[in-house]
>>> print(open('run13.cif').read())   # mmCIF, C-alpha atoms
data_run
#
loop_
_atom_site.label_atom_id
_atom_site.label_comp_id
_atom_site.auth_asym_id
_atom_site.auth_seq_id
_atom_site.Cartn_x
_atom_site.Cartn_y
_atom_site.Cartn_z
CA MET A 3 -14.87 -6.80 -2.45
CA GLU A 4 -11.54 -6.87 -0.68
CA ARG A 5 -9.75 -3.97 0.93
CA THR A 6 -6.00 -3.65 1.19
CA LEU A 7 -3.37 -1.23 2.42
CA LEU A 8 -0.74 0.48 0.29
CA ILE A 9 1.74 2.81 1.96
CA ILE A 10 3.58 5.23 -0.26
CA LYS A 11 6.96 5.30 1.46
CA PRO A 12 8.94 8.43 2.41
CA GLY A 13 11.33 8.16 -0.53
CA ALA A 14 8.45 8.10 -3.00
CA VAL A 15 6.83 11.06 -1.23
CA GLN A 16 10.12 13.00 -1.46
CA ARG A 17 10.50 12.09 -5.13
CA GLY A 18 7.00 13.36 -6.01
CA LEU A 19 5.61 9.96 -7.04
CA ILE A 20 2.36 10.12 -5.05
CA GLY A 21 0.15 11.12 -7.98
CA GLN A 22 1.68 8.62 -10.38
CA ILE A 23 1.25 5.74 -7.92
CA ILE A 24 -2.36 6.63 -7.12
CA THR A 25 -3.18 7.15 -10.80
CA ARG A 26 -1.87 3.71 -11.71
CA LEU A 27 -4.05 2.00 -9.11
CA GLU A 28 -7.10 4.03 -10.16
CA ASN A 29 -6.43 3.30 -13.84
CA ARG A 30 -6.36 -0.41 -13.02
CA GLY A 31 -9.88 -0.09 -11.63
CA LEU A 32 -9.21 -0.12 -7.89
CA LYS A 33 -11.26 2.26 -5.75
CA LEU A 34 -9.55 4.54 -3.22
CA VAL A 35 -11.62 4.31 -0.02
CA ALA A 36 -9.31 5.98 2.54
CA MET A 37 -6.18 8.13 2.42
CA LYS A 38 -4.12 10.23 4.79
CA MET A 39 -0.61 11.57 5.29
CA ALA A 40 1.20 10.58 8.46
CA GLN A 41 4.60 10.77 10.07
CA LEU A 42 5.32 7.28 11.37
CA ASP A 43 7.18 6.86 14.65
CA LYS A 44 9.19 4.08 16.30
CA ASP A 45 6.20 2.77 18.27
CA ILE A 46 3.94 2.19 15.26
CA LEU A 47 6.81 0.83 13.17
CA LYS A 48 7.74 -1.73 15.84
CA VAL A 49 4.16 -3.01 15.70
CA HIS A 50 3.85 -2.81 11.92
CA TYR A 51 7.18 -4.54 11.29
CA ALA A 52 7.12 -6.78 14.39
CA HIS A 53 8.20 -9.76 12.26
CA LEU A 54 11.37 -7.85 11.25
CA VAL A 55 12.40 -6.09 14.48
CA GLU A 56 15.09 -8.67 15.28
CA LYS A 57 16.58 -8.61 11.78
CA PRO A 58 19.93 -6.84 11.36
CA PHE A 59 18.49 -4.48 8.74
CA TYR A 60 15.61 -3.28 10.95
CA PRO A 61 17.31 -0.05 12.14
CA THR A 62 17.80 0.98 8.50
CA LEU A 63 14.18 0.14 7.70
CA GLU A 64 12.95 2.12 10.71
CA ALA A 65 15.07 5.16 9.83
CA SER A 66 13.89 5.02 6.21
CA MET A 67 10.22 4.86 7.19
CA MET A 68 10.63 7.88 9.52
CA ALA A 69 12.66 10.01 7.08
CA ALA A 70 9.59 11.88 5.82
CA PRO A 71 5.81 11.48 5.92
CA VAL A 72 4.08 8.55 4.25
CA ILE A 73 0.79 8.39 2.39
CA LEU A 74 -1.50 5.71 3.81
CA THR A 75 -4.06 4.46 1.31
CA ALA A 76 -6.82 1.86 1.38
CA TRP A 77 -7.96 0.30 -1.88
CA GLU A 78 -11.03 -1.74 -2.69
CA GLY A 79 -11.69 -4.17 -5.51
CA VAL A 80 -12.15 -7.80 -6.46
CA GLN A 81 -9.04 -9.62 -5.20
CA ALA A 82 -7.56 -6.23 -4.28
CA VAL A 83 -4.82 -7.73 -2.07
CA SER A 84 -3.26 -9.83 -4.83
CA VAL A 85 -3.84 -7.21 -7.53
CA VAL A 86 -2.05 -4.51 -5.52
CA ARG A 87 0.79 -6.91 -4.64
CA GLU A 88 1.28 -7.76 -8.31
CA MET A 89 1.18 -4.09 -9.26
CA ALA A 90 3.86 -3.33 -6.64
CA GLY A 91 6.25 -5.92 -8.07
CA ALA A 92 9.13 -7.77 -6.43
CA THR A 93 10.44 -6.31 -3.16
CA GLU A 94 13.92 -6.01 -4.66
CA GLY A 95 13.54 -3.06 -7.03
CA LYS A 96 16.30 -4.27 -9.36
CA LYS A 97 14.41 -7.57 -9.82
CA ALA A 98 10.95 -6.04 -10.22
CA VAL A 99 9.48 -6.34 -13.69
CA PRO A 100 9.07 -3.17 -15.75
CA GLY A 101 5.45 -2.07 -15.62
CA THR A 102 5.21 -2.64 -11.85
CA LEU A 103 5.52 0.24 -9.40
CA ARG A 104 8.89 -0.97 -8.15
CA GLY A 105 10.03 -2.01 -11.61
CA ASP A 106 9.41 1.48 -12.91
CA PHE A 107 10.27 3.62 -9.90
CA CYS A 108 13.08 2.01 -7.90
CA MET A 109 16.33 0.06 -7.83
CA SER A 110 16.55 -0.69 -4.10
CA HIS A 111 15.42 -3.41 -1.72
CA GLN A 112 14.82 -0.92 1.08
CA GLU A 113 13.87 2.21 -0.83
CA ASN A 114 11.24 0.32 -2.80
CA VAL A 115 8.51 2.98 -3.06
CA VAL A 116 5.55 1.17 -1.47
CA HIS A 117 4.49 -1.25 1.22
CA THR A 118 1.55 -3.53 0.42
CA SER A 119 -0.38 -6.02 2.53
CA ASP A 120 0.62 -9.61 1.75
CA SER A 121 -2.67 -11.35 2.55
CA LEU A 122 -6.30 -10.57 3.33
CA GLU A 123 -5.69 -11.31 7.01
CA THR A 124 -2.68 -8.97 7.10
CA ALA A 125 -4.61 -6.30 5.18
CA GLU A 126 -7.39 -6.31 7.78
CA LYS A 127 -4.88 -5.89 10.63
CA GLU A 128 -2.87 -3.22 8.84
CA LEU A 129 -5.91 -1.21 7.81
CA ALA A 130 -7.17 -1.26 11.41
CA ARG A 131 -3.70 -0.14 12.58
CA PHE A 132 -3.70 3.00 10.45
CA PHE A 133 -7.37 3.87 9.92
CA LYS A 134 -10.43 4.29 12.12
CA PRO A 135 -13.75 2.94 10.80
CA GLU A 136 -14.92 6.49 10.08
CA ASP A 137 -11.88 7.08 7.84
CA PHE A 138 -13.31 4.77 5.17
CA PHE A 139 -15.73 6.01 2.53
CA ASP A 140 -18.22 3.73 0.86
CA TYR A 141 -19.41 5.52 -2.23
CA PRO A 142 -21.00 4.15 -5.39
CA SER A 143 -18.93 3.95 -8.53
CA PRO A 144 -20.77 4.29 -11.84
CA LEU A 145 -17.87 2.36 -13.40
CA LEU A 146 -18.34 -0.81 -11.37
CA TYR A 147 -20.15 -2.71 -14.12
CA TYR A 148 -17.59 -1.59 -16.68
CA LEU A 149 -14.74 -2.91 -14.54
CA TYR A 150 -16.22 -6.31 -13.61
CA SER A 151 -18.74 -8.67 -15.08
CA THR A 152 -21.77 -9.29 -12.86
CA ASP A 153 -20.57 -12.80 -11.96
CA GLU A 154 -17.35 -11.34 -10.49
CA LEU A 155 -19.14 -9.11 -8.00
#
>>> encode(input="run13.cif", output="structure tokens")
Amino acid sequence: MERTLLIIKPGAVQRGLIGQIITRLENRGLKLVAMKMAQLDKDILKVHYAHLVEKPFYPTLEASMMAAPVILTAWEGVQAVSVVREMAGATEGKKAVPGTLRGDFCMSHQENVVHTSDSLETAEKELARFFKPEDFFDYPSPLLYYLYSTDEL
């Protein structure tokens, strides 16, 4: 099983989309294994978006991510990283396909509702950045064998 990070961004928190986003991931069959609300600051954002700090749009990104609290979530499932990325949709909200989180909930490149890890390696680093080991819960799901065939586990 893979684990991945999904951050519900401040704009989505302000718009009351938390429940709808979480419900869609749960309905897909992903298991929520950690969650918390946090107010991100410049220090953590400079680390999290280190690859973007020198870009001209970074100040706007930083301000957007500090505008309100975020919801940090960790999801578990078979190929969870790619499944969550596909569910999020294209970064540019206007280009995201209907049925994806961004395709249904946004029109913006910046105000695009969620951040998702882009690879398993990135997911491991991002999860460690926002969660301590004791923040994760490993609990049995009676639905596991209804979500996956035994050869997928």
>>> residues_around(input="run13.cif", residues="segment 19-28 of chain A", least_positions_apart="6", cutoff="8 Å", atoms="all atoms listed in the file", output="ChimeraX atom specification")
/A:10,34,73,86,103
>>> residues_around(input="run13.cif", residues="Arg87 of chain A", least_positions_apart="6", cutoff="12 Å", atoms="all atoms listed in the file", output="number ranges by chain")
A: 6-9, 27, 77, 81, 93, 98, 102-104, 116-122, 125
>>> write_last_selection(input="run13.cif", atoms="C-alpha atoms", output="JSON list (two decimals), in the frame of the given file")
[["chain", "number", "residue", "atom", "x", "y", "z"],
["A", 6, "THR", "CA", -6.00, -3.65, 1.19],
["A", 7, "LEU", "CA", -3.37, -1.23, 2.42],
["A", 8, "LEU", "CA", -0.74, 0.48, 0.29],
["A", 9, "ILE", "CA", 1.74, 2.81, 1.96],
["A", 27, "LEU", "CA", -4.05, 2.00, -9.11],
["A", 77, "TRP", "CA", -7.96, 0.30, -1.88],
["A", 81, "GLN", "CA", -9.04, -9.62, -5.20],
["A", 93, "THR", "CA", 10.44, -6.31, -3.16],
["A", 98, "ALA", "CA", 10.95, -6.04, -10.22],
["A", 102, "THR", "CA", 5.21, -2.64, -11.85],
["A", 103, "LEU", "CA", 5.52, 0.24, -9.40],
["A", 104, "ARG", "CA", 8.89, -0.97, -8.15],
["A", 116, "VAL", "CA", 5.55, 1.17, -1.47],
["A", 117, "HIS", "CA", 4.49, -1.25, 1.22],
["A", 118, "THR", "CA", 1.55, -3.53, 0.42],
["A", 119, "SER", "CA", -0.38, -6.02, 2.53],
["A", 120, "ASP", "CA", 0.62, -9.61, 1.75],
["A", 121, "SER", "CA", -2.67, -11.35, 2.55],
["A", 122, "LEU", "CA", -6.30, -10.57, 3.33],
["A", 125, "ALA", "CA", -4.61, -6.30, 5.18]]
>>> resolve_selection(input="run13.cif", expression="the PyMOL selection byres ((chain A and resi 142) around 12)", output="ChimeraX atom specification")
/A:33-35,78,139-141,143-147
>>> residues_near_point(input="run13.cif", point="(17.4, -0.1, -2.9)", cutoff="10 Å", atoms="only C-alpha atoms", output="PyMOL selection string")
chain A and resi 93-96+108-115
>>> axis_aligned_box(input="run13.cif", around="segment 52-66 of chain A", padding_each_side="8 Å", output="JSON")
{"center_x": 13.5, "center_y": -2.3, "center_z": 10.7, "size_x": 28.8, "size_y": 30.9, "size_z": 25.1}
>>> atom_distance(input="run13.cif", atom1="atom CA of Phe132 of chain A", atom2="atom CA of Ala82 of chain A")
17.8 Å
>>> atom_distance(input="run13.cif", atom1="atom CA of Val99 of chain A", atom2="atom CA of Arg30 of chain A")
16.9 Å
>>> atom_distance(input="run13.cif", atom1="atom CA of Leu74 of chain A", atom2="atom CA of Ala40 of chain A")
7.3 Å
>>> residues_around(input="run13.cif", residues="Asp137 of chain A", least_positions_apart="4", cutoff="10 Å", atoms="all atoms listed in the file", output="PyMOL selection string")
chain A and resi 35-38+76+132-133
>>> write_last_selection(input="run13.cif", atoms="C-alpha atoms", output="JSON list (two decimals), keeping the file's coordinate frame")
[["chain", "number", "residue", "atom", "x", "y", "z"],
["A", 35, "VAL", "CA", -11.62, 4.31, -0.02],
["A", 36, "ALA", "CA", -9.31, 5.98, 2.54],
["A", 37, "MET", "CA", -6.18, 8.13, 2.42],
["A", 38, "LYS", "CA", -4.12, 10.23, 4.79],
["A", 76, "ALA", "CA", -6.82, 1.86, 1.38],
["A", 132, "PHE", "CA", -3.70, 3.00, 10.45],
["A", 133, "PHE", "CA", -7.37, 3.87, 9.92]]
>>> residues_around(input="run13.cif", residues="Val80 of chain A", least_positions_apart="3", cutoff="9 Å", atoms="all atoms listed in the file", output="JSON, numbers by chain")
{"A": [3, 4, 5, 32, 83, 85, 150, 154, 155]}
